[in-house]
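J.: What follows is run.txt, compact mmCIF, C-alpha atoms.
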```
# COMPACT_ATOMS: atom_id res chain seq x y z
CA MET A 11 153.49 -24.74 -248.91
CA MET A 12 154.31 -26.17 -252.33
CA ARG A 13 154.56 -29.90 -252.72
CA SER A 14 158.31 -29.71 -253.39
CA THR A 15 158.74 -27.91 -250.06
CA TRP A 16 157.22 -30.88 -248.25
CA THR A 17 159.19 -33.55 -250.10
CA SER A 18 162.58 -31.89 -250.66
CA TRP A 19 165.60 -32.33 -248.42
CA PRO A 20 167.64 -29.49 -247.03
CA SER A 21 170.67 -29.05 -249.27
CA ARG A 22 173.83 -31.01 -248.55
CA GLU A 23 175.63 -27.75 -247.87
CA ALA A 24 172.98 -26.95 -245.26
CA LEU A 25 173.39 -30.35 -243.59
CA THR A 26 177.20 -30.17 -243.58
CA ARG A 27 178.76 -28.62 -240.53
CA ALA A 28 180.54 -25.42 -241.43
CA PRO A 29 184.20 -25.09 -240.39
CA GLN A 30 184.44 -23.62 -236.91
CA ALA A 31 187.20 -22.29 -234.71
CA ARG A 32 188.71 -24.77 -232.29
CA SER A 33 187.66 -22.69 -229.33
CA ARG A 34 184.03 -22.71 -230.45
CA VAL A 35 184.10 -26.47 -231.04
CA ALA A 36 185.62 -27.02 -227.59
CA ILE A 37 182.98 -24.84 -225.92
CA ALA A 38 180.16 -26.63 -227.74
CA ARG A 39 181.49 -30.04 -226.73
CA PHE A 40 181.85 -28.90 -223.15
CA VAL A 41 178.26 -27.63 -223.01
CA TRP A 42 176.78 -30.78 -224.55
CA SER A 43 178.90 -32.97 -222.26
CA ALA A 44 177.71 -30.99 -219.23
CA VAL A 45 174.06 -31.34 -220.30
CA LEU A 46 174.45 -35.09 -220.85
CA ILE A 47 176.22 -35.60 -217.52
CA GLY A 48 173.48 -33.59 -215.79
CA LEU A 49 170.76 -35.75 -217.35
CA LEU A 50 172.54 -38.97 -216.42
CA TRP A 51 173.12 -37.73 -212.87
CA SER A 52 169.47 -36.80 -212.42
CA ALA A 53 168.40 -40.20 -213.75
CA PHE A 54 170.78 -42.48 -211.83
CA SER A 55 171.77 -40.60 -208.67
CA ASP A 56 168.66 -41.24 -206.55
CA GLY A 57 169.60 -44.84 -205.68
CA ARG A 58 166.75 -46.54 -207.52
CA PHE A 59 169.09 -48.40 -209.86
CA ALA A 60 171.68 -51.06 -209.11
CA LEU A 61 175.19 -50.74 -210.48
CA TRP A 62 174.54 -53.23 -213.27
CA GLN A 63 171.46 -51.29 -214.29
CA ILE A 64 173.47 -48.06 -214.34
CA ALA A 65 176.10 -49.78 -216.48
CA ILE A 66 173.44 -50.93 -218.95
CA GLY A 67 172.01 -47.41 -218.99
CA LEU A 68 175.40 -45.92 -219.79
CA VAL A 69 175.93 -48.45 -222.60
CA LEU A 70 172.51 -47.62 -224.05
CA THR A 71 173.32 -43.91 -223.80
CA ALA A 72 176.54 -44.46 -225.76
CA GLY A 73 174.56 -46.45 -228.32
CA CYS A 74 172.07 -43.57 -228.67
CA ALA A 75 174.95 -41.16 -229.25
CA MET A 76 176.31 -43.41 -232.00
CA ALA A 77 172.84 -43.71 -233.56
CA ALA A 78 172.45 -39.91 -233.50
CA ARG A 79 175.82 -39.50 -235.18
CA ALA A 80 174.85 -42.04 -237.84
CA TYR A 81 171.55 -40.16 -238.32
CA PHE A 82 173.44 -36.94 -239.01
CA ARG A 83 175.57 -38.77 -241.58
CA THR A 84 172.64 -40.47 -243.38
CA THR A 85 170.67 -37.21 -243.57
CA ARG A 86 173.72 -35.46 -244.99
CA GLU A 87 173.76 -38.16 -247.70
CA HIS A 88 169.97 -37.76 -248.25
CA ARG A 89 169.23 -41.40 -247.38
CA LEU A 90 165.62 -41.35 -246.22
CA TRP A 91 164.89 -44.83 -244.93
CA PRO A 92 168.08 -45.27 -242.86
CA SER A 93 167.48 -41.81 -241.39
CA LEU A 94 163.88 -42.66 -240.49
CA GLY A 95 164.96 -45.98 -239.01
CA LEU A 96 167.56 -44.39 -236.78
CA LEU A 97 165.17 -41.70 -235.56
CA VAL A 98 162.41 -44.23 -234.86
CA LEU A 99 164.98 -46.26 -232.93
CA LEU A 100 165.82 -43.25 -230.75
CA VAL A 101 162.12 -42.57 -230.09
CA ALA A 102 161.63 -46.23 -229.13
CA VAL A 103 164.66 -46.11 -226.80
CA ALA A 104 163.02 -43.10 -225.12
CA PHE A 105 159.92 -45.21 -224.42
CA GLY A 106 162.17 -47.90 -222.96
CA ALA A 107 163.93 -45.35 -220.75
CA LEU A 108 160.53 -44.18 -219.51
CA GLU A 109 159.50 -47.74 -218.62
CA ALA A 110 162.80 -48.20 -216.77
CA GLY A 111 162.15 -45.09 -214.69
CA ALA A 112 164.58 -42.69 -216.43
CA GLY A 113 161.95 -40.13 -217.34
CA ALA A 114 164.41 -37.26 -217.72
CA LEU A 115 166.38 -39.13 -220.37
CA ALA A 116 163.16 -40.06 -222.18
CA VAL A 117 162.01 -36.44 -222.27
CA ALA A 118 165.43 -35.28 -223.53
CA LEU A 119 165.39 -37.90 -226.30
CA TRP A 120 161.88 -36.99 -227.43
CA CYS A 121 162.61 -33.27 -227.48
CA GLY A 122 165.90 -33.81 -229.35
CA CYS A 123 164.26 -36.11 -231.91
CA ALA A 124 161.48 -33.58 -232.49
CA VAL A 125 163.96 -30.80 -233.22
CA ILE A 126 166.38 -32.72 -235.46
CA ALA A 127 163.52 -34.32 -237.40
CA LEU A 128 162.25 -30.88 -238.41
CA GLU A 129 165.75 -29.60 -239.02
CA ARG A 130 167.22 -32.35 -241.21
CA LEU A 131 164.43 -34.42 -242.82
CA PRO A 132 161.95 -33.62 -245.59
CA LEU A 133 158.92 -32.06 -243.91
CA SER A 134 156.66 -34.88 -245.12
CA ALA A 135 158.74 -37.29 -243.00
CA GLY A 136 159.91 -34.95 -240.25
CA VAL A 137 156.52 -33.53 -239.22
CA PRO A 138 154.92 -36.91 -238.35
CA LEU A 139 157.95 -37.99 -236.34
CA THR A 140 158.01 -34.64 -234.56
CA ALA A 141 154.31 -35.03 -233.74
CA VAL A 142 154.86 -38.52 -232.27
CA ALA A 143 157.79 -37.34 -230.15
CA LEU A 144 155.95 -34.25 -228.86
CA VAL A 145 152.75 -36.16 -228.09
CA ALA A 146 154.80 -38.63 -226.05
CA TYR A 147 156.49 -35.72 -224.29
CA ALA A 148 153.14 -34.06 -223.49
CA VAL A 149 151.67 -37.28 -222.12
CA VAL A 150 154.66 -37.94 -219.89
CA LYS A 151 155.06 -34.44 -218.53
CA GLN A 152 151.34 -33.95 -217.79
CA ASP A 153 151.78 -30.19 -217.33
CA GLY A 154 149.00 -27.72 -217.83
CA TRP A 155 147.77 -27.28 -221.38
CA MET A 156 149.22 -23.79 -221.58
CA THR A 157 152.72 -24.94 -220.54
CA THR A 158 152.54 -27.93 -222.86
CA ALA A 159 151.40 -25.81 -225.79
CA ILE A 160 154.16 -23.25 -225.23
CA THR A 161 156.85 -25.93 -224.85
CA THR A 162 155.82 -27.99 -227.88
CA GLY A 163 155.34 -24.86 -229.98
CA SER A 164 158.77 -23.60 -228.97
CA LEU A 165 160.34 -26.94 -229.93
CA CYS A 166 158.62 -26.91 -233.33
CA LEU A 167 159.60 -23.30 -233.93
CA GLY A 168 163.17 -23.99 -232.84
CA GLY A 169 163.50 -26.98 -235.18
CA TYR A 170 162.10 -25.06 -238.14
CA VAL A 171 164.26 -22.01 -237.41
CA LEU A 172 167.32 -24.26 -237.32
CA ARG A 173 166.23 -25.66 -240.68
CA LEU A 174 165.88 -22.19 -242.20
CA ASP A 175 169.22 -21.11 -240.72
CA ALA A 176 170.93 -24.18 -242.17
CA GLU A 177 169.38 -23.50 -245.58
CA ALA A 178 170.56 -19.90 -245.46
CA ARG A 179 174.05 -21.06 -244.51
CA GLY A 180 174.01 -23.61 -247.35
CA SER A 181 172.91 -20.96 -249.83
CA SER A 182 175.72 -18.70 -248.66
CA GLN A 183 178.25 -21.49 -249.14
CA ARG A 184 176.95 -22.20 -252.66
CA LEU A 185 177.06 -18.52 -253.57
CA LEU A 186 180.58 -18.25 -252.17
CA ALA A 187 181.69 -21.28 -254.19
CA GLN A 188 180.10 -19.84 -257.34
CA GLU A 189 181.77 -16.49 -256.75
CA ARG A 190 185.12 -18.16 -256.21
CA ALA A 191 184.67 -20.19 -259.40
CA ALA A 192 183.68 -17.04 -261.31
CA ARG A 193 186.78 -15.23 -260.06
CA GLU A 194 189.00 -18.15 -261.03
CA ALA A 195 187.40 -18.23 -264.47
CA GLU A 196 187.88 -14.49 -264.82
CA ALA A 197 191.53 -14.78 -263.78
CA GLY A 198 192.01 -17.65 -266.23
CA THR A 199 190.44 -15.62 -269.03
CA ALA A 200 192.68 -12.66 -268.24
CA ALA A 201 195.75 -14.90 -268.16
CA LEU A 202 194.78 -16.48 -271.48
CA ALA A 203 194.28 -13.04 -273.02
CA GLU A 204 197.71 -11.96 -271.79
CA ARG A 205 199.25 -15.15 -273.13
CA SER A 206 197.61 -14.53 -276.50
CA ARG A 207 199.01 -10.99 -276.55
CA ILE A 208 202.52 -12.26 -275.75
CA ALA A 209 202.12 -14.97 -278.39
CA ARG A 210 201.19 -12.36 -281.00
CA GLU A 211 204.22 -10.28 -280.07
CA ILE A 212 206.55 -13.27 -280.30
CA HIS A 213 205.02 -14.31 -283.61
CA ASP A 214 205.27 -10.83 -285.10
CA VAL A 215 208.89 -10.35 -284.01
CA LEU A 216 210.78 -13.61 -283.39
CA ALA A 217 208.94 -16.03 -285.65
CA HIS A 218 208.92 -13.55 -288.52
CA SER A 219 212.63 -12.87 -288.04
CA LEU A 220 213.49 -16.58 -288.02
CA SER A 221 211.40 -17.19 -291.11
CA ALA A 222 213.21 -14.39 -292.91
CA GLN A 223 216.57 -15.81 -291.81
CA LEU A 224 215.60 -19.21 -293.23
CA VAL A 225 214.80 -17.61 -296.58
CA HIS A 226 218.11 -15.73 -296.69
CA LEU A 227 220.13 -18.75 -295.55
CA GLU A 228 218.50 -20.94 -298.18
CA ALA A 229 219.30 -18.33 -300.83
CA ALA A 230 222.89 -18.15 -299.55
CA ARG A 231 223.18 -21.94 -299.74
CA LEU A 232 222.02 -21.97 -303.34
CA LEU A 233 224.45 -19.21 -304.26
CA ILE A 234 227.40 -20.93 -302.55
CA GLU A 235 226.64 -24.24 -304.26
CA ARG A 236 227.05 -22.50 -307.63
CA GLU A 237 230.64 -21.52 -306.80
CA PRO A 238 233.57 -23.77 -307.78
CA ALA A 239 234.33 -26.48 -305.25
CA GLY A 240 237.14 -25.82 -302.81
CA PRO A 241 238.03 -25.99 -299.10
CA PHE A 242 236.89 -22.43 -298.40
CA ARG A 243 233.61 -22.89 -300.29
CA ASP A 244 232.93 -26.19 -298.52
CA GLN A 245 233.55 -24.65 -295.07
CA VAL A 246 231.25 -21.72 -295.80
CA LEU A 247 228.58 -24.04 -297.15
CA GLU A 248 228.82 -26.24 -294.05
CA ARG A 249 228.37 -23.21 -291.78
CA VAL A 250 225.39 -21.94 -293.75
CA VAL A 251 223.72 -25.35 -293.71
CA ALA A 252 224.27 -25.61 -289.93
CA ALA A 253 222.90 -22.10 -289.40
CA ARG A 254 219.87 -22.95 -291.52
CA ALA A 255 219.22 -26.10 -289.47
CA MET A 256 219.52 -24.14 -286.23
CA ALA A 257 217.14 -21.47 -287.55
CA ARG A 258 214.63 -24.13 -288.62
CA GLU A 259 214.86 -25.79 -285.20
CA GLY A 260 214.48 -22.42 -283.47
CA LEU A 261 211.41 -21.65 -285.58
CA ALA A 262 209.87 -25.02 -284.67
CA GLU A 263 210.56 -24.40 -280.98
CA THR A 264 209.08 -20.91 -281.26
CA ARG A 265 205.91 -22.32 -282.78
CA GLN A 266 205.66 -24.86 -279.97
CA ALA A 267 206.08 -22.09 -277.41
CA LEU A 268 203.38 -20.06 -279.16
CA SER A 269 201.05 -23.06 -279.09
CA ALA A 270 201.74 -23.49 -275.36
CA LEU A 271 200.97 -19.83 -274.71
CA ARG A 272 197.69 -20.13 -276.59
CA GLY A 273 196.80 -23.40 -274.85
CA GLU A 274 196.84 -25.27 -278.16
CA MET A 275 199.56 -27.83 -277.45
CA THR A 276 199.27 -31.30 -278.88
CA PRO A 277 198.85 -34.10 -276.28
CA VAL A 278 202.08 -35.14 -274.59
CA GLU A 279 201.84 -38.69 -275.97
CA GLU A 280 201.57 -37.40 -279.54
CA PHE A 281 204.53 -35.08 -279.00
CA LEU A 282 206.65 -37.96 -277.69
CA ARG A 283 205.71 -40.14 -280.68
CA GLN A 284 206.76 -37.35 -283.02
CA LEU A 285 209.97 -36.84 -281.05
CA VAL A 286 211.13 -40.46 -281.37
CA ALA A 287 209.84 -40.95 -284.92
CA GLY A 288 212.60 -42.33 -287.12
CA GLU A 289 214.68 -43.32 -284.08
CA PRO A 290 215.40 -46.84 -282.83
CA ALA A 291 213.08 -46.02 -279.93
CA GLU A 292 210.29 -47.58 -277.88
CA LEU A 293 207.52 -45.48 -276.25
CA SER A 294 205.22 -46.75 -273.50
CA VAL A 295 202.45 -44.94 -271.59
CA ALA A 296 201.08 -46.18 -268.24
CA GLY A 297 198.38 -44.98 -265.87
CA GLU A 298 195.08 -43.23 -266.43
CA ARG A 299 195.64 -40.64 -269.13
CA ARG A 300 194.45 -37.10 -268.43
CA GLU A 301 195.10 -33.54 -269.49
CA LEU A 302 198.13 -31.98 -267.81
CA SER A 303 198.62 -28.40 -266.76
CA ALA A 304 200.51 -26.20 -269.22
CA GLU A 305 203.56 -26.00 -266.93
CA ALA A 306 203.78 -29.75 -266.31
CA SER A 307 203.18 -30.57 -269.98
CA GLN A 308 205.84 -28.15 -271.16
CA THR A 309 208.38 -29.48 -268.64
CA VAL A 310 207.77 -33.08 -269.76
CA ARG A 311 208.22 -32.05 -273.40
CA ARG A 312 211.43 -30.11 -272.77
CA VAL A 313 213.04 -32.84 -270.69
CA ALA A 314 212.13 -35.53 -273.22
CA GLN A 315 213.50 -33.39 -276.04
CA GLU A 316 216.70 -32.67 -274.13
CA ALA A 317 217.27 -36.32 -273.23
CA VAL A 318 216.69 -37.54 -276.80
CA THR A 319 218.95 -34.77 -278.16
CA ASN A 320 221.71 -35.81 -275.73
CA THR A 321 221.37 -39.39 -276.93
CA ARG A 322 221.62 -38.33 -280.58
CA LYS A 323 224.74 -36.31 -279.81
CA HIS A 324 226.62 -38.61 -277.44
CA ALA A 325 225.35 -42.04 -278.47
CA PRO A 326 224.12 -41.82 -282.07
CA GLY A 327 222.18 -44.86 -283.18
CA ALA A 328 221.63 -46.14 -279.62
CA ALA A 329 218.21 -47.56 -278.75
CA VAL A 330 216.05 -45.19 -276.71
CA PHE A 331 213.28 -46.27 -274.30
CA VAL A 332 210.76 -43.58 -273.31
CA ARG A 333 208.18 -44.24 -270.59
CA LEU A 334 205.44 -41.82 -269.52
CA GLU A 335 203.48 -42.74 -266.38
CA TYR A 336 200.43 -40.94 -265.00
CA GLY A 337 200.22 -41.16 -261.21
CA PRO A 338 197.37 -40.08 -258.92
CA GLU A 339 198.92 -36.67 -258.26
CA SER A 340 201.97 -36.56 -260.51
CA VAL A 341 203.36 -37.54 -263.90
CA ALA A 342 206.69 -39.31 -264.41
CA LEU A 343 208.91 -39.48 -267.47
CA GLU A 344 211.86 -41.80 -267.96
CA VAL A 345 214.17 -41.67 -270.97
CA ARG A 346 216.71 -44.48 -271.10
CA ASP A 347 219.25 -45.29 -273.80
CA ALA A 348 221.57 -48.21 -274.42
CA GLY A 349 224.53 -46.18 -275.64
CA GLY A 350 227.00 -46.98 -272.90
CA ASN A 351 228.09 -44.87 -269.92
CA ARG A 352 228.84 -41.20 -270.55
CA PRO A 353 230.35 -38.53 -268.28
CA GLY A 354 227.80 -36.80 -266.08
CA ALA A 355 229.20 -33.38 -267.05
CA GLU A 356 227.52 -33.74 -270.43
CA LEU A 357 224.18 -33.06 -268.78
CA ALA A 358 224.67 -29.33 -268.96
CA ASP A 359 225.46 -29.19 -272.64
CA SER A 360 223.51 -30.36 -275.67
CA GLY A 361 222.69 -29.26 -279.16
CA SER A 362 219.19 -28.08 -278.32
CA GLY A 363 220.43 -25.32 -276.05
CA TYR A 364 218.23 -26.02 -273.01
CA GLY A 365 220.42 -28.17 -270.78
CA LEU A 366 219.22 -30.76 -268.32
CA LEU A 367 220.53 -28.67 -265.46
CA GLY A 368 218.12 -25.94 -266.48
CA MET A 369 215.38 -28.55 -266.78
CA ARG A 370 216.17 -29.74 -263.26
CA GLU A 371 215.68 -26.21 -261.96
CA ARG A 372 212.43 -25.98 -263.90
CA ALA A 373 211.18 -29.23 -262.38
CA GLU A 374 212.10 -28.07 -258.87
CA LEU A 375 210.15 -24.84 -259.38
CA LEU A 376 207.06 -26.99 -259.96
CA GLY A 377 207.80 -29.02 -256.83
CA GLY A 378 209.16 -31.98 -258.80
CA THR A 379 212.47 -33.76 -259.23
CA LEU A 380 214.78 -34.60 -262.12
CA GLU A 381 217.61 -37.11 -262.01
CA ALA A 382 220.14 -37.87 -264.78
CA ARG A 383 222.65 -40.66 -264.23
CA PRO A 384 224.46 -43.49 -265.99
CA ASP A 385 223.14 -47.02 -265.53
CA GLU A 386 224.29 -50.49 -266.54
CA GLU A 387 223.49 -50.10 -270.25
CA GLY A 388 223.72 -46.39 -270.92
CA PHE A 389 222.12 -43.28 -269.52
CA VAL A 390 218.77 -42.60 -267.88
CA VAL A 391 216.87 -39.36 -267.23
CA SER A 392 213.98 -39.50 -264.74
CA LEU A 393 211.49 -36.69 -264.21
CA ARG A 394 208.55 -36.47 -261.79
CA VAL A 395 206.38 -33.36 -261.44
CA PRO A 396 203.02 -32.73 -259.75
CA ALA A 397 200.15 -32.80 -262.23
```
Transcribe the structure of this file into structure tokens.
T.:
Amino acid sequence: MMRSTWTSWPSREALTRAPQARSRVAIARFVWSAVLIGLLWSAFSDGRFALWQIAIGLVLTAGCAMAARAYFRTTREHRLWPSLGLLVLLVAVAFGALEAGAGALAVALWCGCAVIALERLPLSAGVPLTAVALVAYAVVKQDGWMTTAITTGSLCLGGYVLRLDAEARGSSQRLLAQERAAREAEAGTAALAERSRIAREIHDVLAHSLSAQLVHLEAARLLIEREPAGPFRDQVLERVVAARAMAREGLAETRQALSALRGEMTPVEEFLRQLVAGEPAELSVAGERRELSAEASQTVRRVAQEAVTNTRKHAPGAAVFVRLEYGPESVALEVRDAGGNRPGAELADSGSGYGLLGMRERAELLGGTLEARPDEEGFVVSLRVPA
């Protein structure tokens, strides 16, 4: 064998118990419980031990079970010295059980230690411990050399086969995880390609159309301004200027949507700073900052934009307080203004054309919540979505 084979641990996937059906777990527990009860009965049922000695034996047996469980945990974490210490402790307890007259328990402990040492430890550490346990077993049993050789060889073979089986299972789990990751990456690539295609279509049709409208509206504005002043001219000019502003805003929103489709959105914090720039506003960010999913990021942006637009429309000049908080499994946005109480019916209508009622539905589709209500100073919009 190569040196790395002697010194390397079985993989963590190999040492981790694979998920099993409840029925199989129940059957396994029943079998092991029956074996343990049989060993204890054979050790303590012949009347050689007093009740207090039996009680001590049962306590020591429970302690051995806890030590074995800890050994399985430390080997899964690849902690060599604690694992060796626990296994040496179990071998020593077996010697104590032999001195106390519980030979069956001692033999069971030695055989179990021999198998799990080969199965879960590096071979450079497991082989010596297995040899000590099997030598003690052979000395105690004092069977013929043929029987002893067959038994010890079977135990060694069984431990090594369990090791190989665990490694094969661990390799299968790693390959399955890699395949799942590859499929997710492939699906993500396909989704990104489809988003890019949709973005190109939107850019070629909608963005181009809006840009052309802006050019024509600007030309119309210049032509109207050359006409003599009058009520009719002023009304037409006002309409053209409003249409131009709406087209410019629509073009900006289209570009943001295109950036979202391409996965090129600016960070949420930067978007919020740009949104409240020039406003009597205060922005605060709390929690550990991280990248949000496209859906959560877009919902936060839309709700913030809608809330600020409502404030501009219904309470112009009012101070706005925006707070973005990153939670362990969610992100929360709060937009609060000091513009006085306003009717709740205004939630569904704003100049941006999205509507907080639509944003509430969007948040609920993501498994989140959105609340919009008056408070003591003005109005507050609160959003929380998983992220």
J.: Calculated over all atoms listed in the file, which of the candidates A:Trp62, A:Trp120, A:Phe281, A:Phe389 has the smallest distance to Leu334 (chain A)?
T.: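 Closest to Leu334 (chain A) of all the choices is A:Phe281.
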J.: Of the candidates A:Leu99, A:Ala191, A:Ala291, A:Ala197, which one gets nearest to Arg322 (chain A) if we count all atoms listed in the file?
T.: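 That would be A:Ala291, the residue with the smallest distance to Arg322 (chain A).
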J.: Do a neighbour search on Ile64 (chain A) at 12 Å with all atoms listed in the file, toss out local chain neighbours closer than 4 positions, and write the hits as a ChimeraX atom specification.
T.: /A:50-51,53-60,68-71,107,110-112
J.: Quick one: distance from CA of Thr84 (chain A) to CA of Thr15 (chain A) in Å, one decimal?
T.: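 Between these atoms lies a distance of 19.9 Å.
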J.: Give me the residues near Val117 (chain A) as number ranges by chain, where near means some atom within 10 Å (using all atoms listed in the file) and where sequence neighbours in that chain fewer than 2 positions away do not count.
T.: A: 101, 104-105, 107-108, 112-115, 119-123, 143-144, 146-148, 150-151
J.: Mind checking which residues fall within 6 Å of Ala342 (chain A), counting all atoms listed in the file, ignoring those fewer than 3 positions away in the same chain, and posting them as a list of chain:residue names?
T.: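 The residues satisfying every condition are A:Leu334, A:Glu335, A:Leu393, A:Arg394.
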J.: In Å, rounded to a single decimal, give me how far CA of Arg184 (chain A) is from CA of Leu94 (chain A).
T.: 27.2 Å
J.: From the list A:Glu316, A:Glu211, A:Glu248, A:Glu344, which residue is nearest Ser294 (chain A) when using all atoms listed in the file?
T.: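 Closest residue, counting all atoms listed in the file: A:Glu344.
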J.: Figure out the distance between CA of Arg193 (chain A) and CA of Ala306 (chain A), please, to one decimal in Å.
T.: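 It comes out at 23.2 Å.
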J.: Here is a test: counting only C-alpha atoms, which residue of A:Ala135, A:Ala118, A:Val125, A:Leu247 is nearest to Val171 (chain A)?
T.: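 Ranked by minimum distance to Val171 (chain A), first place goes to A:Val125.
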J.: Looking at A:Leu133, A:Ile212, A:Leu96, A:Ala178, which one is nearest to Cys166 (chain A), with distances taken over all atoms listed in the file?
T.: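 Among A:Leu133, A:Ile212, A:Leu96, A:Ala178, it is A:Leu133 that comes nearest to Cys166 (chain A).
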J.: Need the shell around region 365-381 of chain A: protein/DNA/RNA residues with any atom at most 8 Å away, counting all atoms listed in the file. Skip same-chain ones fewer than 6 positions apart. Format as a PyMOL selection string?
T.: chain A and resi 305-306+309+312-313+316-317+357-359+391-396
J.: Extract, using only C-alpha atoms, all DNA, RNA and protein residues at most 12 Å from Glu280 (chain A), discarding same-chain residues fewer than 5 positions from it, and format them as a list in words.
T.: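 Surrounding residues, per the criterion: Met275, Leu285, Val286, Ala287, Leu293, Ser294, Val295, Ser307, Arg311 and Leu334 of chain A.
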J.: At a cut-off of 10 Å from (221.6, -46.7, -270.0) in the coordinates of the file, what residues are picked up using only C-alpha atoms, written as a PyMOL selection string?
T.: chain A and resi 328-331+345-352+383-391
J.: Out of A:Leu268, A:Val341, A:Leu186, A:Pro132, which residue has the shortest atom-to-atom distance to Arg205 (chain A) when counting only C-alpha atoms?
T.: A:Leu268
J.: Would you list the residues near (170.9, -35.9, -242.8), meaning any protein, DNA or RNA residue with an atom at most 12 Å from that point in file coordinates, counting all atoms listed in the file, as a PyMOL selection string?
T.: chain A and resi 19-27+78-94+96-97+126-132+136+173+176
